[in-house]
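run_19.txt follows; it contains compact mmCIF, C-alpha atoms.
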# COMPACT_ATOMS: atom_id res chain seq x y z
CA MET A 1 0.27 -15.73 18.82
CA ARG A 2 -2.27 -17.87 20.66
CA PRO A 3 -5.50 -18.37 18.75
CA GLY A 4 -8.03 -15.83 19.91
CA SER A 5 -11.28 -14.39 18.81
CA ARG A 6 -11.39 -12.48 15.56
CA ARG A 7 -13.14 -9.71 17.38
CA GLY A 8 -10.15 -9.49 19.69
CA VAL A 9 -7.78 -8.88 16.80
CA SER A 10 -9.74 -5.83 15.70
CA ALA A 11 -9.82 -4.60 19.29
CA ALA A 12 -6.03 -4.84 19.37
CA VAL A 13 -5.82 -1.55 17.49
CA SER A 14 -5.09 0.27 20.71
CA ALA A 15 -4.17 3.87 21.32
CA ALA A 16 -0.59 2.70 21.76
CA THR A 17 -0.54 1.10 18.32
CA ILE A 18 -1.99 4.17 16.62
CA ALA A 19 0.49 6.32 18.53
CA ALA A 20 3.26 4.14 17.13
CA LEU A 21 2.42 5.53 13.68
CA LEU A 22 3.23 9.03 14.88
CA THR A 23 6.57 8.07 16.44
CA PHE A 24 7.67 5.39 14.04
CA GLY A 25 10.37 7.39 12.28
CA ALA A 26 12.22 8.09 15.51
CA GLN A 27 11.83 4.65 17.06
CA GLN A 28 12.39 2.48 13.99
CA ALA A 29 14.81 -0.41 14.40
CA THR A 30 16.78 -1.06 11.23
CA ALA A 31 17.69 -4.41 9.74
CA ALA A 32 21.10 -5.25 8.38
CA PRO A 33 21.47 -2.74 5.54
CA SER A 34 23.27 -5.25 3.33
CA PHE A 35 20.06 -7.23 2.88
CA TYR A 36 18.39 -4.27 1.16
CA ASP A 37 21.23 -3.66 -1.33
CA PRO A 38 20.36 -5.50 -4.56
CA PRO A 39 23.11 -7.28 -6.50
CA SER A 40 24.33 -5.37 -9.53
CA PRO A 41 23.47 -6.38 -12.12
CA LEU A 42 20.30 -8.12 -11.06
CA PRO A 43 20.42 -11.88 -11.60
CA ALA A 44 18.56 -13.12 -14.65
CA GLY A 45 14.99 -14.13 -14.01
CA ALA A 46 11.34 -13.25 -14.25
CA PRO A 47 9.09 -10.94 -12.22
CA GLY A 48 8.45 -12.54 -8.85
CA ASP A 49 11.68 -14.55 -8.75
CA ILE A 50 13.41 -14.57 -5.36
CA ILE A 51 16.76 -12.77 -5.24
CA ARG A 52 17.47 -13.45 -1.56
CA HIS A 53 15.69 -14.22 1.68
CA GLU A 54 16.35 -14.60 5.40
CA PRO A 55 14.36 -15.45 8.56
CA SER A 56 12.62 -12.55 10.22
CA THR A 57 10.00 -11.83 12.90
CA PHE A 58 6.63 -10.13 13.20
CA TYR A 59 5.56 -8.47 16.43
CA VAL A 60 2.04 -7.08 16.52
CA ASP A 61 2.76 -4.46 19.19
CA PRO A 62 5.51 -1.90 19.85
CA VAL A 63 6.35 -3.46 23.23
CA LYS A 64 6.93 -6.82 21.49
CA LEU A 65 4.59 -8.70 23.78
CA ILE A 66 2.64 -10.33 20.94
CA LYS A 67 4.67 -12.33 18.47
CA ALA A 68 2.81 -13.68 15.47
CA ASP A 69 2.39 -17.45 15.42
CA ALA A 70 3.85 -17.66 11.95
CA ASP A 71 7.00 -18.52 10.06
CA VAL A 72 8.42 -15.26 8.75
CA GLN A 73 10.82 -14.64 5.89
CA ARG A 74 12.17 -11.32 4.69
CA ILE A 75 12.53 -11.45 0.91
CA MET A 76 14.00 -9.55 -2.03
CA TYR A 77 12.35 -10.29 -5.37
CA ARG A 78 12.32 -9.12 -8.97
CA SER A 79 9.58 -6.74 -10.06
CA THR A 80 8.96 -4.14 -12.75
CA ASP A 81 8.95 -0.35 -12.43
CA THR A 82 6.57 2.11 -14.06
CA HIS A 83 8.72 2.19 -17.22
CA GLY A 84 8.82 -1.59 -17.66
CA GLU A 85 12.36 -1.98 -16.32
CA ALA A 86 13.31 -4.76 -13.92
CA ASN A 87 13.93 -3.73 -10.32
CA ALA A 88 14.42 -5.33 -6.91
CA VAL A 89 11.76 -4.99 -4.21
CA THR A 90 11.80 -6.29 -0.65
CA GLY A 91 8.98 -7.57 1.52
CA THR A 92 7.89 -10.10 4.14
CA VAL A 93 6.27 -13.52 3.73
CA LEU A 94 4.25 -14.86 6.67
CA THR A 95 2.98 -18.45 6.89
CA PRO A 96 0.69 -19.39 9.79
CA LYS A 97 2.04 -22.29 11.82
CA LYS A 98 -1.41 -23.78 12.23
CA ALA A 99 -2.74 -26.05 9.50
CA TRP A 100 -5.13 -24.69 6.91
CA THR A 101 -8.59 -26.12 7.57
CA GLY A 102 -10.57 -24.36 4.87
CA ALA A 103 -11.57 -25.63 1.46
CA GLY A 104 -8.84 -26.29 -1.06
CA GLU A 105 -5.31 -25.02 -0.69
CA ARG A 106 -4.14 -22.34 1.73
CA PRO A 107 -4.83 -18.91 0.18
CA VAL A 108 -2.20 -16.19 -0.10
CA ILE A 109 -3.00 -12.52 0.48
CA GLY A 110 -0.84 -9.91 -1.19
CA TYR A 111 -1.11 -7.17 1.45
CA ALA A 112 -0.33 -3.60 0.45
CA ALA A 113 0.51 -1.37 3.39
CA GLY A 114 -0.82 2.14 3.82
CA THR A 115 1.37 5.23 3.87
CA GLN A 116 4.68 4.47 5.58
CA GLY A 117 6.77 7.39 4.33
CA VAL A 118 9.59 7.49 1.80
CA GLY A 119 12.70 7.16 3.98
CA ASP A 120 14.35 3.74 3.74
CA GLN A 121 13.89 3.25 7.49
CA CYS A 122 10.11 3.28 6.93
CA ALA A 123 9.91 -0.03 5.02
CA PRO A 124 7.09 -2.31 6.27
CA SER A 125 9.52 -5.25 6.54
CA LYS A 126 11.49 -3.26 9.11
CA ALA A 127 8.37 -2.10 10.92
CA LEU A 128 6.95 -5.62 11.17
CA SER A 129 10.09 -6.99 12.79
CA ALA A 130 10.21 -4.05 15.22
CA GLY A 131 6.55 -4.26 16.25
CA MET A 132 5.98 -0.82 14.77
CA GLU A 133 3.72 -1.57 11.82
CA TYR A 134 0.46 0.22 12.54
CA GLU A 135 -1.42 -2.19 10.26
CA GLY A 136 -0.05 -5.15 12.21
CA PRO A 137 -3.43 -6.00 13.83
CA PHE A 138 -5.12 -6.38 10.43
CA ILE A 139 -2.25 -8.54 9.15
CA ALA A 140 -2.48 -10.61 12.34
CA GLY A 141 -6.18 -11.06 11.66
CA LEU A 142 -5.40 -12.49 8.23
CA LEU A 143 -2.95 -14.94 9.81
CA LEU A 144 -5.53 -16.01 12.39
CA ARG A 145 -7.80 -17.00 9.52
CA GLY A 146 -5.07 -19.25 8.20
CA TYR A 147 -4.05 -17.23 5.16
CA GLY A 148 -0.50 -16.91 3.99
CA VAL A 149 0.38 -13.22 3.77
CA VAL A 150 3.05 -11.36 1.83
CA VAL A 151 3.62 -7.67 2.51
CA THR A 152 5.52 -5.74 -0.12
CA ASP A 153 7.86 -2.87 0.75
CA TYR A 154 7.14 -1.29 -2.66
CA GLU A 155 9.80 0.10 -4.98
CA GLY A 156 12.53 2.13 -3.29
CA LEU A 157 11.30 1.68 0.29
CA GLY A 158 14.30 0.11 2.02
CA THR A 159 16.05 -0.57 -1.28
CA PRO A 160 18.15 2.09 -3.09
CA GLY A 161 16.35 4.85 -4.94
CA VAL A 162 13.31 6.92 -4.09
CA HIS A 163 10.08 5.19 -3.09
CA THR A 164 7.53 5.68 -5.87
CA TYR A 165 4.70 6.57 -3.51
CA VAL A 166 1.19 6.18 -5.02
CA ASN A 167 2.66 5.36 -8.42
CA ARG A 168 -0.06 3.19 -9.95
CA VAL A 169 2.00 0.78 -12.07
CA ALA A 170 5.02 0.40 -9.80
CA GLU A 171 2.84 -0.38 -6.77
CA GLY A 172 0.46 -2.72 -8.58
CA ASN A 173 3.38 -4.66 -10.04
CA ALA A 174 5.09 -4.86 -6.66
CA VAL A 175 1.96 -6.37 -5.07
CA LEU A 176 1.43 -8.96 -7.81
CA ASP A 177 5.10 -9.91 -7.88
CA SER A 178 5.15 -10.28 -4.09
CA ILE A 179 2.48 -12.98 -4.43
CA ARG A 180 4.53 -14.71 -7.11
CA ALA A 181 7.57 -14.52 -4.83
CA ALA A 182 5.67 -16.01 -1.87
CA GLN A 183 4.50 -18.88 -4.08
CA ARG A 184 8.05 -19.53 -5.31
CA LEU A 185 9.79 -19.43 -1.92
CA PRO A 186 10.23 -23.05 -0.72
CA GLU A 187 10.77 -21.96 2.87
CA ALA A 188 7.31 -20.37 2.95
CA ASN A 189 5.65 -23.72 2.29
CA LEU A 190 2.77 -22.04 0.45
CA PRO A 191 0.89 -23.42 -2.58
CA ASP A 192 2.61 -22.46 -5.82
CA ASN A 193 -0.65 -22.24 -7.76
CA GLY A 194 -3.37 -21.73 -5.16
CA PRO A 195 -6.02 -19.05 -4.64
CA VAL A 196 -4.85 -15.49 -3.98
CA ALA A 197 -6.27 -12.07 -3.20
CA THR A 198 -4.97 -8.55 -2.72
CA ALA A 199 -5.86 -6.21 0.11
CA GLY A 200 -4.95 -2.75 1.34
CA TYR A 201 -6.18 0.58 2.66
CA SER A 202 -5.21 4.15 1.72
CA GLN A 203 -1.94 3.98 -0.23
CA GLY A 204 -2.38 0.23 0.11
CA GLY A 205 -5.94 0.51 -1.17
CA GLY A 206 -4.61 2.19 -4.28
CA ALA A 207 -1.93 -0.49 -4.70
CA SER A 208 -4.48 -3.29 -4.24
CA ALA A 209 -6.88 -1.64 -6.70
CA SER A 210 -4.10 -1.14 -9.22
CA ALA A 211 -3.03 -4.77 -8.83
CA ALA A 212 -6.61 -5.83 -9.56
CA GLU A 213 -6.54 -3.79 -12.78
CA LEU A 214 -3.11 -4.99 -13.88
CA GLN A 215 -3.50 -8.69 -13.03
CA PRO A 216 -5.20 -9.79 -16.30
CA SER A 217 -2.28 -8.52 -18.40
CA TYR A 218 0.67 -8.57 -15.97
CA ALA A 219 0.05 -11.72 -13.92
CA PRO A 220 -2.70 -13.72 -15.66
CA GLU A 221 -1.51 -17.01 -14.13
CA LEU A 222 -2.44 -15.89 -10.61
CA LYS A 223 -5.75 -17.32 -9.40
CA LEU A 224 -7.03 -13.99 -8.15
CA LYS A 225 -10.27 -14.47 -6.23
CA GLY A 226 -10.80 -10.86 -5.24
CA SER A 227 -9.32 -7.56 -4.18
CA TYR A 228 -10.22 -5.49 -1.12
CA ALA A 229 -9.36 -1.81 -1.57
CA GLY A 230 -10.13 0.72 1.16
CA ALA A 231 -10.10 4.51 0.84
CA VAL A 232 -8.45 4.41 -2.57
CA PRO A 233 -6.55 7.54 -3.67
CA ALA A 234 -7.75 6.91 -7.22
CA ASP A 235 -7.38 10.48 -8.47
CA LEU A 236 -4.20 12.11 -7.18
CA ALA A 237 -5.27 15.54 -8.40
CA GLU A 238 -8.35 15.46 -6.15
CA VAL A 239 -6.41 14.06 -3.21
CA GLY A 240 -3.75 16.74 -3.64
CA LYS A 241 -6.32 19.53 -3.55
CA ASN A 242 -7.79 18.10 -0.37
CA ILE A 243 -4.55 17.86 1.61
CA ASP A 244 -2.98 21.18 0.58
CA GLY A 245 -2.89 23.11 3.88
CA HIS A 246 -4.03 19.97 5.73
CA TYR A 247 -2.42 18.24 8.70
CA ALA A 248 -1.47 15.48 6.22
CA PHE A 249 0.31 17.90 3.87
CA GLY A 250 3.43 15.75 4.18
CA PHE A 251 1.67 13.11 2.06
CA LEU A 252 1.59 15.65 -0.77
CA GLY A 253 5.33 16.03 -0.23
CA PHE A 254 5.75 12.26 -0.56
CA THR A 255 3.84 12.40 -3.84
CA LEU A 256 5.99 15.20 -5.27
CA VAL A 257 9.17 13.31 -4.43
CA SER A 258 7.75 10.15 -5.99
CA MET A 259 6.63 11.85 -9.19
CA ASP A 260 9.98 13.59 -9.60
CA ALA A 261 11.82 10.28 -9.16
CA ALA A 262 9.65 8.35 -11.62
CA TYR A 263 9.51 11.19 -14.16
CA PRO A 264 12.68 13.30 -13.81
CA GLU A 265 11.67 15.35 -16.85
CA LEU A 266 9.07 17.03 -14.63
CA ASN A 267 11.92 18.74 -12.74
CA ILE A 268 9.62 19.58 -9.84
CA PRO A 269 12.37 21.33 -7.82
CA ALA A 270 12.52 24.00 -10.55
CA VAL A 271 9.16 25.44 -9.45
CA LEU A 272 10.09 25.53 -5.75
CA ASN A 273 11.49 28.47 -3.82
CA THR A 274 14.17 28.09 -1.16
CA LYS A 275 11.66 27.04 1.50
CA GLY A 276 10.06 24.57 -0.88
CA ALA A 277 13.40 23.07 -1.89
CA GLU A 278 14.31 22.55 1.76
CA ALA A 279 10.98 20.83 2.45
CA PHE A 280 11.38 18.69 -0.69
CA GLU A 281 14.75 17.38 0.48
CA LYS A 282 13.61 16.93 4.06
CA VAL A 283 10.56 14.85 3.23
CA LYS A 284 12.74 12.33 1.37
CA GLN A 285 14.03 11.10 4.73
CA GLU A 286 10.73 11.05 6.60
CA CYS A 287 8.24 8.42 7.71
CA THR A 288 4.54 9.13 8.13
CA GLY A 289 4.66 10.49 11.66
CA ASP A 290 7.71 12.64 10.91
CA ALA A 291 5.98 14.21 7.93
CA ILE A 292 2.77 14.93 9.81
CA PHE A 293 4.62 16.73 12.60
CA ALA A 294 7.05 18.57 10.33
CA HIS A 295 4.67 19.79 7.62
CA ALA A 296 1.19 19.97 9.12
CA PHE A 297 -1.00 22.76 7.69
CA THR A 298 1.65 23.92 5.20
CA GLN A 299 0.26 25.87 2.25
CA SER A 300 1.93 24.87 -0.99
CA LYS A 301 1.67 28.43 -2.34
CA ASP A 302 4.32 29.34 0.22
CA LEU A 303 6.72 26.84 -1.36
CA THR A 304 6.62 27.90 -5.03
CA LYS A 305 8.59 30.60 -6.82
CA ASP A 306 5.51 32.18 -8.38
CA GLY A 307 3.27 31.90 -5.32
CA ARG A 308 0.77 29.59 -6.99
CA PRO A 309 -0.34 26.47 -5.13
CA LEU A 310 1.18 23.27 -6.46
CA THR A 311 -2.28 22.05 -7.39
CA ALA A 312 -2.54 24.91 -9.91
CA TYR A 313 0.12 23.17 -12.01
CA LEU A 314 -1.93 19.98 -12.38
CA GLY A 315 -3.86 21.30 -15.37
CA GLU A 316 -0.64 22.17 -17.20
CA GLU A 317 1.78 20.01 -19.12
CA PRO A 318 3.88 18.03 -18.48
CA TYR A 319 2.31 17.54 -15.04
CA LYS A 320 -1.24 16.94 -16.29
CA THR A 321 -0.33 13.88 -18.35
CA ARG A 322 1.86 12.24 -15.73
CA VAL A 323 -0.67 12.74 -12.93
CA GLY A 324 -3.41 11.50 -15.25
CA GLU A 325 -1.45 8.27 -15.78
CA GLN A 326 -1.92 7.49 -12.10
CA LEU A 327 -5.71 7.42 -12.37
CA ILE A 328 -7.26 4.20 -11.07
CA GLY A 329 -10.61 3.17 -12.53
CA ALA A 330 -9.81 3.31 -16.23
CA ARG A 331 -9.21 -0.47 -16.48
CA LYS A 332 -11.45 -3.40 -15.58
CA PRO A 333 -10.29 -5.43 -12.54
CA GLY A 334 -9.57 -9.09 -13.13
CA ALA A 335 -11.67 -10.30 -10.17
CA PRO A 336 -14.48 -9.12 -7.87
CA THR A 337 -13.65 -6.12 -5.71
CA LEU A 338 -14.73 -4.77 -2.35
CA VAL A 339 -14.28 -1.00 -2.06
CA VAL A 340 -14.83 0.51 1.38
CA HIS A 341 -14.73 4.27 1.92
CA SER A 342 -16.00 6.54 4.67
CA ALA A 343 -18.04 9.53 3.51
CA LEU A 344 -16.33 11.38 6.40
CA ASP A 345 -12.77 10.55 5.33
CA ASP A 346 -10.65 13.62 6.04
CA ILE A 347 -7.65 12.72 3.86
CA VAL A 348 -8.75 10.72 0.80
CA PRO A 349 -11.91 12.29 -0.67
CA TYR A 350 -14.88 9.94 -0.72
CA GLU A 351 -16.35 11.14 -4.01
CA GLN A 352 -13.29 10.32 -6.12
CA GLY A 353 -13.26 6.81 -4.62
CA ARG A 354 -16.91 6.31 -5.51
CA LYS A 355 -16.21 7.58 -9.03
CA MET A 356 -13.54 4.88 -9.42
CA ALA A 357 -15.97 2.17 -8.32
CA ARG A 358 -18.64 3.45 -10.71
CA SER A 359 -16.12 3.41 -13.54
CA TRP A 360 -15.36 -0.24 -12.81
CA CYS A 361 -19.08 -1.00 -12.83
CA ALA A 362 -19.44 0.63 -16.24
CA LYS A 363 -16.78 -1.74 -17.54
CA GLY A 364 -18.70 -4.78 -16.34
CA ALA A 365 -16.73 -5.51 -13.18
CA LYS A 366 -18.29 -7.10 -10.08
CA VAL A 367 -18.01 -4.36 -7.44
CA GLN A 368 -19.28 -4.17 -3.88
CA PHE A 369 -19.02 -0.52 -2.82
CA SER A 370 -19.52 0.04 0.88
CA THR A 371 -20.01 3.50 2.39
CA SER A 372 -19.32 4.03 6.08
CA LEU A 373 -19.95 7.11 8.19
CA VAL A 374 -17.00 6.88 10.54
CA PRO A 375 -15.10 10.13 11.09
CA THR A 376 -11.48 10.41 9.90
CA HIS A 377 -9.30 8.37 7.60
CA VAL A 378 -7.96 6.22 10.44
CA GLY A 379 -11.46 5.60 11.79
CA GLY A 380 -12.55 4.41 8.37
CA ALA A 381 -9.73 1.86 8.32
CA ILE A 382 -10.73 0.32 11.64
CA ARG A 383 -14.39 0.27 10.65
CA ALA A 384 -13.49 -1.63 7.45
CA PHE A 385 -11.65 -4.47 9.24
CA PRO A 386 -14.58 -6.86 9.88
CA GLU A 387 -16.17 -6.20 6.51
CA ALA A 388 -12.93 -6.93 4.67
CA PHE A 389 -12.35 -10.12 6.67
CA ALA A 390 -15.85 -11.43 5.95
CA TRP A 391 -15.66 -10.56 2.26
CA LEU A 392 -12.31 -12.31 1.79
CA GLU A 393 -13.62 -15.38 3.60
CA GLY A 394 -16.48 -15.52 1.10
CA ARG A 395 -14.14 -15.38 -1.87
CA PHE A 396 -11.97 -18.22 -0.60
CA ALA A 397 -15.00 -20.29 0.36
CA GLY A 398 -16.15 -20.14 -3.24
CA LEU A 399 -19.29 -18.15 -2.49
CA PRO A 400 -20.61 -15.97 -5.34
CA ALA A 401 -19.49 -12.36 -5.09
CA VAL A 402 -22.38 -9.95 -4.71
CA GLY A 403 -22.11 -6.55 -6.37
CA ASN A 404 -24.16 -3.40 -5.88
CA CYS A 405 -23.42 -1.55 -9.12
CA GLY A 406 -26.17 0.96 -9.87
CA LEU A 407 -26.98 1.42 -6.18
CA PHE A 408 -24.25 3.88 -5.17
Show me the file's structure as structure tokens.
Amino acid sequence: MRPGSRRGVSAAVSAATIAALLTFGAQQATAAPSFYDPPSPLPAGAPGDIIRHEPSTFYVDPVKLIKADADVQRIMYRSTDTHGEANAVTGTVLTPKKAWTGAGERPVIGYAAGTQGVGDQCAPSKALSAGMEYEGPFIAGLLLRGYGVVVTDYEGLGTPGVHTYVNRVAEGNAVLDSIRAAQRLPEANLPDNGPVATAGYSQGGGASASAAELQPSYAPELKLKGSYAGAVPADLAEVGKNIDGHYAFGFLGFTLVSMDAAYPELNIPAVLNTKGAEAFEKVKQECTGDAIFAHAFTQSKDLTKDGRPLTAYLGEEPYKTRVGEQLIGARKPGAPTLVVHSALDDIVPYEQGRKMARSWCAKGAKVQFSTSLVPTHVGGAIRAFPEAFAWLEGRFAGLPAVGNCGLF
């Protein structure tokens, strides 16, 4: 990609790119499936160790007119699931071809993608190489600033097993271990002990926020300078209530599939009627656009045997405990955080995101909470671009992080 203005990168989020989100499942180009099959047993090693890698590509647009000016490697690395067991996760490491001109060593951003779906064809590493990653413009903006970037596929997205969508621990670990993997990959030519940050919006905002909370105990050696987390689904119970009967109902389906995979004792299919069981199996194969079209405005009460909405089960055991374990905000982040959320977000409720940020403040964290008034969840993401870029630049420049705890 030729160097261009940073403003131009944000403007690159065109109608065609947003439309790509809604057609991604049908148009997705798949990589060689053998790359995504982990060796069995996994080779000995530590979280973040590289299992395999190969050259890849990153196109910013679906027409493949804009190829990122970066060296790209698809990777498989060791991580840890929600139960503390070793697993294999894939992702993409991107190293700008231009020299780093900032202070110190080139930083590495662990980027957590927003909702992709749960079908294996939806993995970000596949979308990036096909020019179908709807967050490609933001990632390209990070590369233009000279940062190394690693984008995790998360657990079970591309690799065997079910993707543990919005699972706090599995996603946070996957993000932190992706940074470790990028630092350990010789072909990436990135500093092995330099400054790092995490970033993400929506599902990715939750993963970035979780990584910030887990870093002090799970990856204390990482020099985490900050974490940007946009529109964080911090409280899944509140998010679930909001999207029941919503055009984004399919995201609730992703969550049910994820919870059932991570905690099989929940036996979620047992509460579903025939229609619900069919939807449950169908959503396992879907990407974001597929799920929106297939399940928009579905009422969960029409999918259960007893006619109660699925959200009615959240106050009952064993569901209450397991959903409660996904809460973000109960642990102090290991570095300053920027939390951006639109008060007009139509998918992830604003108030539960603000509650998370306030909880961090109460624990003594340095938090900058930014409220926007841009309609829709997607609009909030685009609005957050320039603020996130500027904030990350400040962290890597060594400027003091400014918090606004007590003012929101």
Residues near range 311-316 of chain A, anyone? I mean within 7 Å using all atoms listed in the file, not counting same-chain ones fewer than 4 positions away, as a list in words.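 That gives Ala237, Gly240, Lys241 and Lys320 of chain A.
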Using C-alpha atoms, can you export the residues from the last selection as a PDB file, keeping the file's coordinate frame?
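Just written: out.pdb:
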ATOM      1  CA  ALA A 237      -5.270  15.540  -8.400  1.00  0.00           C
ATOM      2  CA  GLY A 240      -3.750  16.740  -3.640  1.00  0.00           C
ATOM      3  CA  LYS A 241      -6.320  19.530  -3.550  1.00  0.00           C
ATOM      4  CA  LYS A 320      -1.240  16.940 -16.290  1.00  0.00           C
TER       5      LYS A 320
END
With a cut-off of 7 Å, could you pull out the residues of range 207-307 of chain A touching range 332-349 of chain A and give me the nearest pair of atoms for each, distance in Å to one decimal, using only C-alpha atoms, ordered by chain and ascending number, as a Markdown table?
| residue | atom | partner | partner_atom | distance |
| --- | --- | --- | --- | --- |
| A:Ala212 | CA | A:Pro333 | CA | 4.8 |
| A:Glu213 | CA | A:Pro333 | CA | 4.1 |
| A:Gln215 | CA | A:Gly334 | CA | 6.1 |
| A:Pro216 | CA | A:Gly334 | CA | 5.4 |
| A:Leu224 | CA | A:Ala335 | CA | 6.3 |
| A:Lys225 | CA | A:Ala335 | CA | 5.9 |
| A:Gly226 | CA | A:Pro336 | CA | 4.8 |
| A:Ser227 | CA | A:Thr337 | CA | 4.8 |
| A:Tyr228 | CA | A:Leu338 | CA | 4.7 |
| A:Ala229 | CA | A:Val339 | CA | 5.0 |
| A:Gly230 | CA | A:Val340 | CA | 4.7 |
| A:Ala231 | CA | A:His341 | CA | 4.8 |
| A:Pro233 | CA | A:Val348 | CA | 5.9 |
| A:Val239 | CA | A:Val348 | CA | 5.7 |
| A:Asn242 | CA | A:Ile347 | CA | 6.8 |
| A:Ile243 | CA | A:Ile347 | CA | 6.4 |
Between A:Ile179, A:Val162, A:Ala291, A:Ile51, which has the minimum distance to Tyr247 in chain A (counting only C-alpha atoms)?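 Answer, going by the shortest atom-to-atom distance: A:Ala291.
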Which residues, written as a PDB file with C-alpha atoms, keeping the file's coordinate frame, have at least one atom at most 12 Å from Gln285 in chain A, with only C-alpha atoms counted and residues fewer than 6 positions away on the same chain left out?
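Output saved as part-v8.pdb:
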ATOM      1  CA  GLY A  25      10.370   7.390  12.280  1.00  0.00           C
ATOM      2  CA  ALA A  26      12.220   8.090  15.510  1.00  0.00           C
ATOM      3  CA  GLN A 116       4.680   4.470   5.580  1.00  0.00           C
ATOM      4  CA  GLY A 117       6.770   7.390   4.330  1.00  0.00           C
ATOM      5  CA  VAL A 118       9.590   7.490   1.800  1.00  0.00           C
ATOM      6  CA  GLY A 119      12.700   7.160   3.980  1.00  0.00           C
ATOM      7  CA  ASP A 120      14.350   3.740   3.740  1.00  0.00           C
ATOM      8  CA  GLN A 121      13.890   3.250   7.490  1.00  0.00           C
ATOM      9  CA  CYS A 122      10.110   3.280   6.930  1.00  0.00           C
ATOM     10  CA  ALA A 123       9.910  -0.030   5.020  1.00  0.00           C
ATOM     11  CA  LEU A 157      11.300   1.680   0.290  1.00  0.00           C
ATOM     12  CA  GLY A 158      14.300   0.110   2.020  1.00  0.00           C
ATOM     13  CA  GLY A 161      16.350   4.850  -4.940  1.00  0.00           C
ATOM     14  CA  VAL A 162      13.310   6.920  -4.090  1.00  0.00           C
ATOM     15  CA  HIS A 163      10.080   5.190  -3.090  1.00  0.00           C
ATOM     16  CA  GLY A 250       3.430  15.750   4.180  1.00  0.00           C
ATOM     17  CA  GLY A 253       5.330  16.030  -0.230  1.00  0.00           C
ATOM     18  CA  PHE A 254       5.750  12.260  -0.560  1.00  0.00           C
ATOM     19  CA  VAL A 257       9.170  13.310  -4.430  1.00  0.00           C
ATOM     20  CA  GLU A 278      14.310  22.550   1.760  1.00  0.00           C
ATOM     21  CA  ALA A 279      10.980  20.830   2.450  1.00  0.00           C
ATOM     22  CA  ALA A 291       5.980  14.210   7.930  1.00  0.00           C
ATOM     23  CA  ALA A 294       7.050  18.570  10.330  1.00  0.00           C
TER      24      ALA A 294
END
Can you tell me, as a JSON list (two decimals) with C-alpha atoms, in the coordinates of the input, what residues are no more than 7 Å from Leu94 in chain A when counting all atoms listed in the file, ignoring any on the same chain fewer than 5 positions away?
[["chain", "number", "residue", "atom", "x", "y", "z"],
["A", 70, "ALA", "CA", 3.85, -17.66, 11.95],
["A", 71, "ASP", "CA", 7.00, -18.52, 10.06],
["A", 72, "VAL", "CA", 8.42, -15.26, 8.75],
["A", 73, "GLN", "CA", 10.82, -14.64, 5.89],
["A", 148, "GLY", "CA", -0.50, -16.91, 3.99],
["A", 149, "VAL", "CA", 0.38, -13.22, 3.77],
["A", 150, "VAL", "CA", 3.05, -11.36, 1.83]]
Using all atoms of range 402-407 of chain A listed in the file and a margin of 8 Å per side, can you give the axis-aligned box centre and edge lengths in Å to one decimal, as JSON?
{"center_x": -24.5, "center_y": -4.3, "center_z": -7.3, "size_x": 20.9, "size_y": 27.4, "size_z": 21.2}
To one decimal in Å, tell me the separation between CA of Phe293 in chain A and CA of Gln352 in chain A.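 That distance, rounded to one decimal, is 26.7 Å.
Each of A:Leu272, A:Leu407, A:Leu42, A:Ala397 was checked against Ala103 in chain A using all atoms listed in the file; the smallest atom-to-atom distance is that of A:Ala397.
The shortest atom-to-atom distance to Arg52 in chain A, with all atoms listed in the file taken into account, belongs to A:Arg78 out of A:Arg308, A:Lys67, A:Arg145, A:Arg78.
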Minimum-distance residue to Phe369 in chain A, chosen among A:Tyr59, A:Phe408, A:Tyr36, A:Tyr165 (using only C-alpha atoms):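 Of all the options, A:Phe408 lies closest to Phe369 in chain A.
Closest approach to Glu54 in chain A among A:Ile328, A:Val175, A:Leu185, A:Leu399: A:Leu185, based on all atoms listed in the file.
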I'd like the neighbourhood of Phe280 in chain A as a list in words, where a residue qualifies if any of its atoms comes within 8 Å (using all atoms listed in the file), though same-chain residues fewer than 3 positions away should be ignored. Gly253, Leu256, Val257, Pro269, Gly276, Ala277, Val283 and Lys284 of chain A
What does the distance from CA of Gly48 in chain A to CA of Ala209 in chain A come to in Å, to one decimal?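 CA of Ala209 in chain A lies at a distance of 18.9 Å from CA of Gly48 in chain A.
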Please measure the separation of CA of Ser129 in chain A and CA of Gly194 in chain A, giving the value in Å to one decimal. 26.8 Å
Residues proximal to (18.3, -15.3, -4.8) were defined as those with any atom within 12 Å of that point in the file's coordinates, counting only C-alpha atoms. Which are they, as a short mmCIF file (atom, residue, chain, number, x, y, z; two decimals) with C-alpha atoms, in the coordinates of the input?
data_model
loop_
_atom_site.label_atom_id
_atom_site.label_comp_id
_atom_site.auth_asym_id
_atom_site.auth_seq_id
_atom_site.Cartn_x
_atom_site.Cartn_y
_atom_site.Cartn_z
CA PHE A 35 20.06 -7.23 2.88
CA PRO A 38 20.36 -5.50 -4.56
CA PRO A 39 23.11 -7.28 -6.50
CA LEU A 42 20.30 -8.12 -11.06
CA PRO A 43 20.42 -11.88 -11.60
CA ALA A 44 18.56 -13.12 -14.65
CA GLY A 45 14.99 -14.13 -14.01
CA ALA A 46 11.34 -13.25 -14.25
CA GLY A 48 8.45 -12.54 -8.85
CA ASP A 49 11.68 -14.55 -8.75
CA ILE A 50 13.41 -14.57 -5.36
CA ILE A 51 16.76 -12.77 -5.24
CA ARG A 52 17.47 -13.45 -1.56
CA HIS A 53 15.69 -14.22 1.68
CA GLU A 54 16.35 -14.60 5.40
CA ARG A 74 12.17 -11.32 4.69
CA ILE A 75 12.53 -11.45 0.91
CA MET A 76 14.00 -9.55 -2.03
CA TYR A 77 12.35 -10.29 -5.37
CA ARG A 78 12.32 -9.12 -8.97
CA ALA A 88 14.42 -5.33 -6.91
CA THR A 90 11.80 -6.29 -0.65
CA ALA A 181 7.57 -14.52 -4.83
CA ARG A 184 8.05 -19.53 -5.31
CA LEU A 185 9.79 -19.43 -1.92
CA PRO A 186 10.23 -23.05 -0.72
#
